[in-house]
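The file query.cif contains mmCIF, C-alpha atoms and all ligand atoms:
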data_target
loop_
_atom_site.label_atom_id
_atom_site.label_comp_id
_atom_site.auth_asym_id
_atom_site.auth_seq_id
_atom_site.Cartn_x
_atom_site.Cartn_y
_atom_site.Cartn_z
CA VAL A 18 17.13 -25.47 10.07
CA PRO A 19 13.45 -24.44 9.90
CA ARG A 20 12.07 -24.14 6.38
CA ILE A 21 9.80 -21.16 5.99
CA LEU A 22 7.49 -20.28 3.13
CA LEU A 23 6.46 -16.62 2.81
CA VAL A 24 3.13 -16.14 1.03
CA HIS A 25 1.71 -13.02 -0.60
CA PRO A 26 -1.78 -14.30 -1.43
CA TRP A 27 -4.22 -13.51 -4.20
CA ILE A 28 -6.46 -10.47 -4.05
CA GLU A 29 -10.20 -11.11 -4.31
CA ASP A 30 -11.97 -7.85 -4.97
CA PHE A 31 -14.06 -5.82 -7.45
CA ALA A 32 -10.91 -4.16 -8.75
CA ALA A 33 -7.14 -4.44 -8.33
CA TYR A 34 -4.19 -3.01 -10.21
CA ASP A 35 -0.48 -3.44 -9.69
CA LEU A 36 0.58 0.06 -8.68
CA TRP A 37 4.11 -0.95 -7.67
CA ALA A 38 2.77 -3.47 -5.16
CA ARG A 39 5.30 -5.50 -3.16
CA PRO A 40 4.82 -7.31 0.17
CA LEU A 41 7.41 -5.18 1.90
CA GLY A 42 6.63 -6.30 5.46
CA LEU A 43 6.77 -9.96 4.46
CA LEU A 44 10.09 -9.47 2.64
CA THR A 45 11.50 -7.72 5.70
CA LEU A 46 10.48 -10.64 7.92
CA GLY A 47 12.13 -12.89 5.33
CA ALA A 48 15.39 -11.00 5.83
CA TRP A 49 15.19 -11.34 9.63
CA LEU A 50 14.47 -15.06 9.34
CA GLU A 51 17.36 -15.67 6.97
CA GLN A 52 19.73 -13.74 9.22
CA ALA A 53 18.67 -16.01 12.09
CA GLY A 54 19.50 -19.10 10.00
CA ALA A 55 16.13 -20.15 8.51
CA GLU A 56 15.76 -21.45 4.95
CA VAL A 57 13.27 -19.05 3.39
CA ARG A 58 11.24 -19.31 0.17
CA LEU A 59 8.68 -16.93 -1.33
CA LEU A 60 5.34 -17.53 -3.05
CA ASP A 61 4.12 -14.17 -4.35
CA CYS A 62 0.74 -14.74 -6.03
CA LEU A 63 0.84 -11.14 -7.30
CA ALA A 64 4.30 -11.09 -8.89
CA ARG A 65 3.46 -10.35 -12.53
CA GLU A 66 7.03 -11.28 -13.45
CA TRP A 67 6.07 -14.87 -12.53
CA TRP A 68 2.45 -15.14 -13.58
CA GLY A 69 1.93 -12.63 -16.40
CA GLY A 70 -0.63 -9.83 -16.71
CA THR A 71 -0.74 -6.75 -18.88
CA PRO A 72 2.19 -4.33 -18.53
CA ARG A 73 1.46 -0.63 -18.37
CA ARG A 74 3.59 2.45 -17.75
CA PHE A 75 6.58 2.57 -15.43
CA GLY A 76 6.40 -1.05 -14.33
CA THR A 77 2.73 -0.92 -13.24
CA GLY A 78 0.19 -3.21 -14.85
CA LYS A 79 -2.93 -5.31 -14.78
CA TYR A 80 -2.93 -8.62 -12.93
CA ALA A 81 -4.14 -11.82 -14.52
CA ALA A 82 -7.65 -12.42 -13.11
CA VAL A 83 -10.48 -14.94 -13.07
CA PRO A 84 -14.10 -14.35 -12.01
CA VAL A 85 -15.06 -15.85 -8.64
CA GLU A 86 -18.33 -15.98 -6.70
CA PRO A 87 -18.50 -13.00 -4.36
CA PRO A 88 -19.02 -13.76 -0.66
CA PRO A 89 -22.78 -13.65 0.18
CA VAL A 90 -22.49 -10.27 1.93
CA LEU A 91 -21.27 -8.72 -1.35
CA ALA A 92 -23.62 -10.65 -3.64
CA ASP A 93 -25.82 -7.61 -4.32
CA VAL A 94 -22.97 -5.36 -5.49
CA PRO A 95 -23.50 -4.88 -9.23
CA ARG A 96 -19.86 -5.41 -10.18
CA PRO A 97 -17.82 -8.44 -11.18
CA TYR A 98 -15.78 -9.96 -8.36
CA ARG A 99 -12.47 -11.49 -9.31
CA ARG A 100 -9.47 -13.33 -8.04
CA TYR A 101 -6.36 -11.45 -9.13
CA GLY A 102 -2.93 -13.01 -9.48
CA ALA A 103 -1.45 -16.45 -10.06
CA PRO A 104 -3.59 -19.11 -11.76
CA GLY A 105 -4.37 -21.90 -9.25
CA ALA A 106 -2.75 -24.66 -11.33
CA ALA A 107 0.46 -22.66 -11.69
CA VAL A 108 0.67 -22.25 -7.90
CA GLY A 109 0.41 -26.03 -7.50
CA GLU A 110 3.28 -26.55 -9.96
CA PHE A 111 5.34 -23.88 -8.23
CA LEU A 112 4.87 -25.59 -4.87
CA ASP A 113 5.80 -28.98 -6.40
CA GLY A 114 9.28 -27.56 -6.94
CA LEU A 115 9.79 -26.57 -3.28
CA PRO A 116 10.75 -28.66 -0.24
CA PRO A 117 7.79 -28.90 2.20
CA PRO A 118 7.88 -25.96 4.63
CA ASP A 119 7.77 -26.26 8.43
CA TYR A 120 6.25 -22.79 8.79
CA ILE A 121 4.08 -20.79 6.43
CA LEU A 122 3.80 -17.05 6.89
CA ILE A 123 0.88 -15.46 5.03
CA THR A 124 0.39 -11.72 4.80
CA CYS A 125 -2.85 -9.84 4.15
CA LEU A 126 -2.86 -6.13 3.44
CA MET A 127 -6.41 -4.77 3.23
CA THR A 128 -8.90 -6.00 5.82
CA TYR A 129 -11.39 -6.83 3.04
CA TRP A 130 -8.85 -8.95 1.18
CA TYR A 131 -9.01 -11.73 3.76
CA PRO A 132 -10.74 -14.16 1.30
CA GLY A 133 -7.48 -14.38 -0.71
CA ALA A 134 -5.46 -15.08 2.44
CA PHE A 135 -8.02 -17.67 3.58
CA ALA A 136 -7.91 -19.38 0.16
CA ALA A 137 -4.12 -19.59 0.41
CA ALA A 138 -4.30 -20.94 3.98
CA ARG A 139 -6.80 -23.65 2.96
CA LEU A 140 -4.71 -24.71 -0.03
CA LEU A 141 -1.49 -24.84 1.98
CA ARG A 142 -3.12 -26.65 4.92
CA ARG A 143 -4.35 -29.41 2.58
CA ARG A 144 -0.91 -29.71 1.04
CA TYR A 145 1.20 -29.44 4.19
CA PRO A 146 -0.97 -30.68 7.10
CA ARG A 147 1.93 -30.60 9.56
CA ALA A 148 3.15 -27.07 8.77
CA VAL A 149 2.47 -24.24 11.22
CA ILE A 150 0.50 -21.47 9.46
CA ILE A 151 0.98 -17.90 10.67
CA LEU A 152 -0.93 -14.79 9.56
CA GLY A 153 0.51 -11.26 9.57
CA GLY A 154 -0.07 -7.98 7.76
CA ILE A 155 -2.44 -5.07 8.26
CA TYR A 156 -5.55 -7.28 8.37
CA ALA A 157 -4.00 -9.28 11.25
CA PHE A 158 -3.22 -6.01 13.05
CA LEU A 159 -6.63 -4.38 12.55
CA CYS A 160 -8.90 -7.45 12.81
CA PRO A 161 -7.05 -10.07 14.92
CA GLU A 162 -10.25 -11.53 16.39
CA HIS A 163 -11.87 -11.94 13.01
CA ALA A 164 -8.72 -13.67 11.73
CA ARG A 165 -8.54 -15.92 14.80
CA SER A 166 -12.18 -16.95 14.50
CA ALA A 167 -11.57 -18.31 11.00
CA GLY A 168 -9.73 -21.27 12.57
CA LEU A 169 -7.29 -21.40 9.64
CA PHE A 170 -4.18 -20.06 11.32
CA ASP A 171 -2.06 -21.49 14.12
CA HIS A 172 -0.82 -18.03 15.06
CA ILE A 173 -1.80 -14.44 14.35
CA LEU A 174 0.86 -11.69 14.40
CA PRO A 175 -0.97 -8.54 15.45
CA ASP A 176 2.23 -6.53 16.08
CA LYS A 177 3.54 -3.60 14.10
CA ASP A 178 6.34 -2.62 16.46
CA PRO A 179 9.41 -4.32 14.86
CA ASP A 180 10.93 -5.55 18.15
CA ALA A 181 7.66 -7.02 19.41
CA LEU A 182 7.08 -8.63 16.02
CA ALA A 183 10.57 -10.15 15.94
CA ARG A 184 10.14 -11.51 19.50
CA ARG A 185 6.75 -13.06 18.77
CA LEU A 186 7.72 -14.61 15.45
CA GLY A 187 11.08 -15.77 16.86
CA ALA A 188 9.30 -17.60 19.70
CA ILE A 189 7.02 -19.36 17.18
CA VAL A 190 9.76 -20.55 14.81
CA GLY A 191 12.33 -21.17 17.57
CA LEU A 192 14.95 -18.69 16.33
CA PRO A 193 16.48 -15.61 17.99
CA LEU A 194 15.08 -13.01 15.55
CA THR A 195 16.21 -9.41 15.67
CA ALA A 196 14.47 -6.55 13.94
CA SER A 197 17.57 -5.01 12.37
CA PRO A 198 18.92 -4.20 9.88
CA GLY A 199 15.67 -5.26 8.21
CA ARG A 200 16.37 -4.86 4.51
CA PRO A 201 13.64 -6.49 2.43
CA ALA A 202 14.74 -9.87 1.04
CA TYR A 203 14.16 -9.09 -2.65
CA HIS A 204 16.60 -11.82 -3.71
CA LEU A 205 13.87 -14.35 -2.84
CA TYR A 206 12.16 -13.54 -6.16
CA GLY A 207 15.18 -15.00 -7.97
CA THR A 208 14.31 -13.00 -11.07
CA PRO A 209 14.70 -9.40 -12.26
CA LEU A 210 11.74 -7.29 -11.20
CA ARG A 211 9.80 -4.62 -13.07
CA HIS A 212 9.52 -2.53 -9.96
CA ALA A 213 10.43 -2.47 -6.31
CA ALA A 214 8.99 -0.68 -3.32
CA TRP A 215 10.65 0.46 -0.16
CA LEU A 216 10.27 2.54 2.97
CA THR A 217 12.62 5.14 4.42
CA GLY A 218 10.63 5.13 7.66
CA THR A 219 7.25 4.54 9.23
CA GLY A 220 4.65 6.75 10.88
CA CYS A 221 3.21 10.21 10.31
CA PRO A 222 2.99 13.31 12.50
CA TYR A 223 -0.72 13.78 11.60
CA ARG A 224 -3.74 11.92 12.94
CA CYS A 225 -6.36 12.00 10.20
CA ASP A 226 -9.72 10.61 11.23
CA TYR A 227 -9.85 8.15 8.34
CA CYS A 228 -6.29 6.78 8.41
CA ALA A 229 -4.77 3.65 9.99
CA THR A 230 -1.16 4.85 9.96
CA PRO A 231 -1.26 6.49 13.42
CA LEU A 232 -2.71 3.28 14.87
CA MET A 233 -0.04 1.09 13.33
CA TYR A 234 2.92 3.43 13.79
CA PRO A 235 2.29 5.91 16.59
CA ARG A 236 5.72 7.54 16.17
CA LEU A 237 7.70 8.73 13.19
CA VAL A 238 10.70 6.37 12.91
CA ARG A 239 13.23 6.76 10.09
CA LYS A 240 16.41 5.12 8.93
CA GLN A 241 19.59 7.18 8.65
CA PRO A 242 20.18 8.84 5.23
CA ALA A 243 23.52 7.06 4.65
CA GLU A 244 21.92 3.73 5.52
CA LEU A 245 19.11 4.50 3.06
CA VAL A 246 21.54 5.11 0.20
CA ASP A 247 23.17 1.72 0.89
CA GLU A 248 19.80 0.01 1.14
CA LEU A 249 18.55 1.44 -2.13
CA HIS A 250 21.78 0.44 -3.83
CA GLU A 251 21.22 -3.10 -2.67
CA ILE A 252 17.55 -3.14 -3.74
CA THR A 253 18.28 -1.79 -7.23
CA ALA A 254 21.26 -4.18 -7.65
CA VAL A 255 19.30 -7.25 -6.50
CA THR A 256 16.08 -6.50 -8.44
CA GLY A 257 17.41 -4.60 -11.46
CA ALA A 258 14.12 -2.66 -11.16
CA PRO A 259 14.00 0.57 -13.19
CA ASP A 260 10.99 1.83 -11.21
CA ILE A 261 11.06 2.37 -7.47
CA ALA A 262 8.07 3.35 -5.34
CA PHE A 263 8.24 4.93 -1.90
CA TYR A 264 5.68 3.52 0.54
CA ASP A 265 6.32 6.16 3.22
CA ASP A 266 3.34 7.99 4.68
CA ALA A 267 5.27 11.14 5.59
CA LEU A 268 8.36 11.02 3.38
CA LEU A 269 8.95 14.76 3.48
CA ALA A 270 8.51 15.32 7.23
CA ASP A 271 11.65 16.93 8.65
CA SER A 272 13.19 16.61 5.19
CA GLY A 273 16.29 18.66 6.06
CA ALA A 274 17.44 15.83 8.33
CA HIS A 275 16.04 12.94 6.33
CA PHE A 276 14.87 13.04 2.73
CA GLN A 277 17.12 15.84 1.51
CA PRO A 278 20.41 14.30 2.75
CA PHE A 279 19.25 10.95 1.36
CA LEU A 280 18.62 12.54 -2.05
CA GLU A 281 21.99 14.29 -2.02
CA GLY A 282 23.69 11.00 -1.12
CA TRP A 283 21.79 9.14 -3.82
CA LEU A 284 22.62 11.77 -6.45
CA ALA A 285 26.32 11.47 -5.56
CA ARG A 286 26.48 7.71 -6.02
CA GLY A 287 23.11 6.29 -7.09
CA ARG A 288 22.11 4.70 -10.37
CA PRO A 289 19.48 6.07 -12.75
CA VAL A 290 15.99 4.90 -11.81
CA ARG A 291 12.51 6.41 -11.90
CA PHE A 292 10.95 7.16 -8.53
CA HIS A 293 7.22 7.16 -7.81
CA LEU A 294 5.14 8.44 -4.92
CA PRO A 295 1.86 6.48 -5.00
CA ASN A 296 1.17 7.24 -1.31
CA ALA A 297 1.22 11.00 -1.88
CA VAL A 298 3.39 13.55 -0.11
CA HIS A 299 2.49 16.60 1.95
CA ALA A 300 2.48 19.78 -0.16
CA ARG A 301 3.49 21.96 2.81
CA TRP A 302 6.94 20.38 2.96
CA LEU A 303 7.80 20.84 -0.72
CA THR A 304 10.50 23.51 -0.87
CA PRO A 305 11.99 24.77 -4.18
CA GLU A 306 15.32 23.19 -3.27
CA LEU A 307 13.77 19.82 -2.46
CA CYS A 308 11.76 19.85 -5.70
CA ARG A 309 14.93 20.53 -7.71
CA LEU A 310 16.70 17.61 -6.02
CA MET A 311 13.70 15.36 -6.69
CA ARG A 312 13.72 16.36 -10.33
CA ARG A 313 17.44 15.58 -10.67
CA ALA A 314 17.01 12.25 -8.88
CA GLY A 315 14.42 11.02 -11.41
CA PHE A 316 11.05 11.42 -9.69
CA THR A 317 8.40 10.67 -12.28
CA THR A 318 5.09 10.16 -10.50
CA ILE A 319 4.34 12.78 -7.87
CA ARG A 320 1.06 12.73 -6.00
CA LEU A 321 0.00 15.31 -3.44
CA GLY A 322 -2.52 14.47 -0.71
CA LEU A 323 -5.17 17.15 -0.95
CA GLU A 324 -8.13 15.04 0.24
CA SER A 325 -10.42 18.03 0.81
CA LEU A 326 -10.28 21.72 1.58
CA ALA A 327 -13.77 21.66 3.15
CA PRO A 328 -13.38 23.15 6.67
CA ASP A 329 -14.87 20.13 8.44
CA LEU A 330 -12.62 17.68 6.61
CA ARG A 331 -9.58 19.85 7.12
CA SER A 332 -10.18 19.78 10.86
CA ARG A 333 -10.57 15.99 10.71
CA SER A 334 -7.15 15.76 9.06
CA GLY A 335 -5.26 18.00 11.47
CA PHE A 336 -5.20 20.88 8.94
CA LYS A 337 -2.42 19.03 7.16
CA VAL A 338 -2.88 21.08 4.01
CA SER A 339 -4.22 24.50 3.06
CA ALA A 340 -5.03 26.09 -0.30
CA GLU A 341 -1.90 28.28 -0.05
CA GLU A 342 0.36 25.33 0.76
CA MET A 343 -1.02 23.34 -2.17
CA ALA A 344 -0.48 26.30 -4.50
CA ARG A 345 3.07 26.86 -3.23
CA GLY A 346 3.94 23.16 -3.48
CA ALA A 347 2.55 22.83 -7.02
CA ALA A 348 4.41 25.97 -8.11
CA ALA A 349 7.70 24.71 -6.64
CA LEU A 350 7.31 21.43 -8.53
CA ARG A 351 6.61 23.21 -11.80
CA GLU A 352 9.53 25.59 -11.37
CA ALA A 353 11.77 22.58 -10.79
CA GLY A 354 10.73 21.33 -14.24
CA PHE A 355 8.05 18.73 -13.53
CA SER A 356 5.43 18.39 -16.24
CA THR A 357 1.66 18.07 -15.95
CA ALA A 358 1.89 14.37 -16.84
CA GLU A 359 4.01 13.80 -13.73
CA LEU A 360 1.93 15.70 -11.20
CA GLY A 361 -1.36 14.82 -9.56
CA ALA A 362 -3.47 15.16 -6.44
CA TYR A 363 -5.73 12.78 -4.58
CA ILE A 364 -9.21 14.02 -3.75
CA LEU A 365 -11.26 12.23 -1.12
CA PHE A 366 -14.71 10.97 -2.10
CA GLY A 367 -17.51 9.74 0.14
CA ALA A 368 -16.17 10.37 3.65
CA PRO A 369 -18.89 10.68 6.32
CA GLU A 370 -20.75 13.96 5.88
CA GLN A 371 -18.66 14.91 2.84
CA THR A 372 -20.87 16.36 0.12
CA LEU A 373 -20.60 16.07 -3.65
CA ALA A 374 -20.35 19.85 -3.89
CA GLN A 375 -17.23 19.75 -1.70
CA THR A 376 -15.65 17.01 -3.81
CA LEU A 377 -16.35 18.94 -7.02
CA ALA A 378 -14.87 22.11 -5.52
CA ASP A 379 -11.73 20.19 -4.51
CA LEU A 380 -11.41 18.73 -8.04
CA GLU A 381 -11.66 22.21 -9.56
CA PHE A 382 -9.16 23.65 -7.11
CA ALA A 383 -6.46 21.04 -7.76
CA HIS A 384 -7.09 21.25 -11.51
CA GLY A 385 -6.64 25.02 -11.30
CA LEU A 386 -3.13 24.39 -9.98
CA GLY A 387 -2.32 22.32 -13.07
CA LEU A 388 -2.57 18.98 -11.23
CA GLN A 389 -4.20 15.86 -12.57
CA VAL A 390 -6.87 14.69 -10.17
CA SER A 391 -7.68 11.21 -8.86
CA LEU A 392 -10.62 10.34 -6.66
CA ALA A 393 -9.81 8.26 -3.60
CA ALA A 394 -12.97 6.64 -2.28
CA TRP A 395 -13.24 6.64 1.48
CA SER A 396 -13.26 3.33 3.31
CA PRO A 397 -13.97 2.66 6.99
CA ILE A 398 -10.85 1.42 8.79
CA PRO A 399 -11.30 -0.23 12.19
CA GLY A 400 -9.97 1.77 15.11
CA THR A 401 -10.22 5.14 13.35
CA PRO A 402 -12.61 7.91 14.48
CA ASP A 403 -14.41 7.79 11.09
CA PHE A 404 -15.05 4.08 11.56
CA ASP A 405 -16.56 4.65 14.99
CA ARG A 406 -18.71 7.46 13.58
CA ASN A 407 -20.27 4.95 11.20
CA LEU A 408 -20.87 2.11 13.63
CA THR A 409 -24.25 3.28 14.92
CA ALA A 410 -25.67 3.57 11.42
CA TRP A 411 -23.90 0.45 10.20
CA PRO A 412 -23.20 -1.96 13.07
CA ARG A 413 -22.18 -4.89 10.83
CA LEU A 414 -18.94 -3.06 10.05
CA ALA A 415 -17.68 -4.27 13.42
CA ASP A 416 -17.70 -7.96 12.55
CA GLU A 417 -17.47 -8.13 8.74
CA PRO A 418 -14.29 -6.69 7.21
CA LEU A 419 -15.66 -7.26 3.68
CA LEU A 420 -17.82 -4.22 4.38
CA HIS A 421 -14.70 -2.03 4.66
CA ASN A 422 -14.26 -2.22 0.88
CA ASN A 423 -14.19 1.26 -0.66
CA THR A 424 -16.12 0.00 -3.69
CA LEU A 425 -19.13 -0.03 -1.34
CA THR A 426 -18.71 3.73 -0.84
CA ILE A 427 -18.81 4.14 -4.62
CA VAL A 428 -21.84 1.87 -5.00
CA ARG A 429 -23.76 3.44 -2.11
CA ARG A 430 -23.28 6.90 -3.58
CA ALA A 431 -23.27 5.76 -7.21
CA GLU A 432 -24.95 8.79 -8.73
CA GLU A 433 -22.67 11.25 -6.96
CA TYR A 434 -19.64 9.16 -7.80
CA GLN A 435 -20.52 9.10 -11.49
CA LEU A 436 -20.82 12.88 -11.52
CA ALA A 437 -17.52 13.35 -9.70
CA ARG A 438 -15.78 10.81 -11.91
CA ARG A 439 -17.06 12.41 -15.12
CA ARG A 440 -15.80 15.76 -13.90
CA MET A 441 -12.44 14.28 -12.93
CA LEU A 442 -12.01 12.72 -16.39
CA ALA A 443 -13.04 15.91 -18.16
CA LEU A 444 -10.60 18.01 -16.13
CA ASN A 445 -7.73 15.59 -16.74
CA ARG A 446 -8.49 15.53 -20.48
CA LYS A 447 -8.35 19.32 -20.51
CA LEU A 448 -4.93 19.31 -18.82
CA LEU A 449 -3.34 16.55 -20.83
CA GLY A 450 -4.87 17.47 -24.15
S1 LIG B 501 -1.38 12.75 6.75
FE1 LIG B 501 -1.71 10.91 5.51
S2 LIG B 501 -0.55 9.26 6.51
FE2 LIG B 501 -0.71 10.98 7.95
S3 LIG B 501 -2.46 10.45 9.23
FE3 LIG B 501 -3.20 11.77 7.55
S4 LIG B 501 -3.85 10.36 5.89
FE4 LIG B 501 -2.58 9.20 7.37
#

Would it be possible to restate this file's structure as structure tokens?
Amino acid sequence: VPRILLVHPWIEDFAAYDLWARPLGLLTLGAWLEQAGAEVRLLDCLAREWWGGTPRRFGTGKYAAVPVEPPPVLADVPRPYRRYGAPGAAVGEFLDGLPPPDYILITCLMTYWYPGAFAAARLLRRRYPRAVIILGGIYAFLCPEHARSAGLFDHILPDKDPDALARRLGAIVGLPLTASPGRPAYHLYGTPLRHAAWLTGTGCPYRCDYCATPLMYPRLVRKQPAELVDELHEITAVTGAPDIAFYDDALLADSGAHFQPFLEGWLARGRPVRFHLPNAVHARWLTPELCRLMRRAGFTTIRLGLESLAPDLRSRSGFKVSAEEMARGAAALREAGFSTAELGAYILFGAPEQTLAQTLADLEFAHGLGLQVSLAAWSPIPGTPDFDRNLTAWPRLADEPLLHNNTLTIVRRAEEYQLARRRMLALNRKLLG
């Protein structure tokens, strides 16, 4: 029986916060591997239940962190760079308690988080020289050549299509993997969790110029509502988590056939939990009936993707939202009983050609609808039209993923960001009193 160690590595960055973060893809692969007969263990360097940190509201919180030297290309950024997550010595002790793995599967989410994945690969290579080390995750999908050139991994998994991924991983570990039913293997934590995350489907009908979702998941694929109710039952029973985050990118698309029947099913036989929408939902699909169901089901953090109402940016995001749709969506949420503390909107900052005046106008608009506002700093994602637009001015983006970090957008446009941020804080103070 192959022994497999799943690894969710540290984050090395200027900032990181546990906003219901779970390595959902890795946990799903864990489930496939177990079903095929492998012995699977998990090392999650970001599980605050294991390593501590500072708890905040609704299961979120601050990671434990230590300062580390930034990579040379980021040395001039006037911000502290840190390693977030498990203390190194504690990881060593944790590994002492495990049988040596035959295969090690490391994930890496953001392209600019590769230093944490590389640090994990180096540590595990020293410790288990004979183990086969495999890299997956969004970084492996978006930057496979960069990952390969590091020479730290025996295999890179650049697939996002579940069947292709199962075939490739199955061939590496010598097991007949199948991609279904694919419920995340939360039991591998072996401890109650403060929060859990899950997906009802993948993909999005829009093609925004700054987003990687259409590259990773070209089609909208969803699970059946009845299957979702069962899956969520299992996740809440296994984790005991009182807070559940949806990772979907287009949760409300075609909601009459998907989200609404799921909610009705969950209300009929679910348990009381708080639901959170950190990825934002599309205002245009919020109907009064849906909002009422969401209220009854325990939704607590609702974020709407506004990004920007500037005409140019709206055209670069497929006109996914209009002022009227935002107003209608916000009104439906309020009528359903949601409070100001529960509602917010994301406003894009620093996209190519986006001006400060546009960002300020977007902040005022969302505030006028009674929504808290959060700035989301733009970052260049390989393969997207916005990334290509920047390559001529900034050719190093092509070979250095550390330059994709959205903190660089904030630092490059520091004065504008400070103004926008001050306005954002002032508006939120006004709303929340
Ligand atoms: S609507 Fe959201 S998830 Fe869909 S492509 Fe645009 S940014 Fe990405």

Near-ligand residues for ligand LIG 501 (chain B), threshold 8 Å, all atoms listed in the file, as a list in words: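 Every residue with an atom at most 8 Å from ligand LIG 501 (chain B) is listed here: Gly220, Cys221, Pro222, Tyr223, Arg224, Cys225, Asp226, Tyr227, Cys228, Ala229, Thr230, Pro231, Asp266, Ala267, Ala297, His299, Gly322, Ser334, Gly335 and Lys337 of chain A.
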
Select from range 130-197 of chain A every residue with an atom at most 12 Å from any atom of range 57-72 of chain A, then for each give the shortest pair of atoms and their distance in Å to one decimal, using all atoms listed in the file, rows by chain and rising number, as CSV.
residue,atom,partner,partner_atom,distance
A:Gly133,CA,A:Cys62,CA,9.8
A:Ala134,CA,A:Cys62,CA,10.5
A:Ala136,CA,A:Cys62,CA,11.6
A:Ala137,CA,A:Cys62,CA,9.4
A:Leu141,CA,A:Leu60,CA,11.2

Surrounding residues of Leu388 in chain A excluding itself and chain neighbours under 6 positions, 7 Å, only C-alpha atoms, as a PyMOL selection string: chain A and resi 357+360-362

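CA of Ala82 in chain A is positioned 13.3 Å from CA of Ala106 in chain A.
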
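Here CA of Leu350 in chain A stands at a distance of 26.9 Å from CA of Glu244 in chain A.
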
Distance query Gly47 in chain A at most 8 Å, all atoms listed in the file, self and fewer than 2 positions along chain excluded, as number ranges by chain: A: 23, 43-45, 49-51, 57, 201-202

Shell around Asp171 in chain A at 10 Å using only C-alpha atoms, local window under 3 positions removed, as a list of chain:residue names: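 What passes the distance filter is A:Tyr120, A:Ile121, A:Ala148, A:Val149, A:Ile150, A:Ile151, A:Leu152, A:Arg165, A:Gly168, A:Ile189.
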
Straight-line distance linking CA of Gly385 in chain A with CA of Ile261 in chain A, stated in Å to one decimal: 29.0 Å

Edge lengths and centre, in Å to one decimal, as AutoDock Vina command-line options: that's what I need for the box along x, y and z that holds all listed atoms of range 249-263 of chain A plus 8 Å on each side.
--center_x 14.9 --center_y -1.2 --center_z -7.5 --size_x 29.7 --size_y 28.2 --size_z 27.3

Selected residue, from A:Thr317, A:Asn407, A:Thr424, A:Gln389, that lies nearest to Arg440 in chain A when counting all atoms listed in the file: A:Gln389

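If you measure from each of A:Phe170, A:Trp27, A:Tyr156, A:Tyr145 to Pro104 in chain A using only C-alpha atoms, the closest one turns out to be A:Trp27.
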
Spatial neighbours of Phe382 in chain A, max dist 10 Å, all atoms listed in the file, sep filter under 3 positions, as a list in words: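 Returned residues: Leu323, Ser325, Leu326, Ala340, Met343, Ala344, Thr376, Leu377, Ala378, Asp379, Gly385, Leu386, Gly387, Leu388 and Val390 of chain A.
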
Exercise: residues within 8 Å of coordinate (19.8, -19.9, 14.5), counting only C-alpha atoms, as a ChimeraX atom specification: /A:18,53-55,192-193

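Using all atoms listed in the file, the shortest contact distance between Arg147 in chain A and any of A:Gln241, A:Asp119, A:Gln371, A:His384 is found at A:Asp119.
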
For Gly257 in chain A: contacts at 9 Å, all atoms listed in the file, fewer than 2 positions along chain excluded, given as a list of chain:residue names: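 Surrounding residues, per the criterion: A:Thr208, A:Pro209, A:Leu210, A:Arg211, A:His212, A:Ala213, A:Ile252, A:Thr253, A:Ala254, A:Val255, A:Pro259.
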
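Considering the residues A:Cys125, A:Ala103, A:Leu112, A:Ala353 and counting all atoms listed in the file, Leu41 in chain A has its shortest atom-to-atom contact with A:Cys125.
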
Per residue of range 302-413 of chain A within 10 Å of range 276-282 of chain A, note the shortest atom pair and the distance in Å to one decimal, counting all atoms listed in the file, and order the rows by chain and increasing residue number, as JSON lines.
{"residue": "A:Glu306", "atom": "CA", "partner": "A:Gln277", "partner_atom": "CA", "distance": 9.0}
{"residue": "A:Leu307", "atom": "CA", "partner": "A:Gln277", "partner_atom": "CA", "distance": 6.5}
{"residue": "A:Cys308", "atom": "CA", "partner": "A:Gln277", "partner_atom": "CA", "distance": 9.8}
{"residue": "A:Leu310", "atom": "CA", "partner": "A:Leu280", "partner_atom": "CA", "distance": 6.7}
{"residue": "A:Met311", "atom": "CA", "partner": "A:Leu280", "partner_atom": "CA", "distance": 7.3}
{"residue": "A:Arg313", "atom": "CA", "partner": "A:Leu280", "partner_atom": "CA", "distance": 9.2}
{"residue": "A:Ala314", "atom": "CA", "partner": "A:Leu280", "partner_atom": "CA", "distance": 7.0}
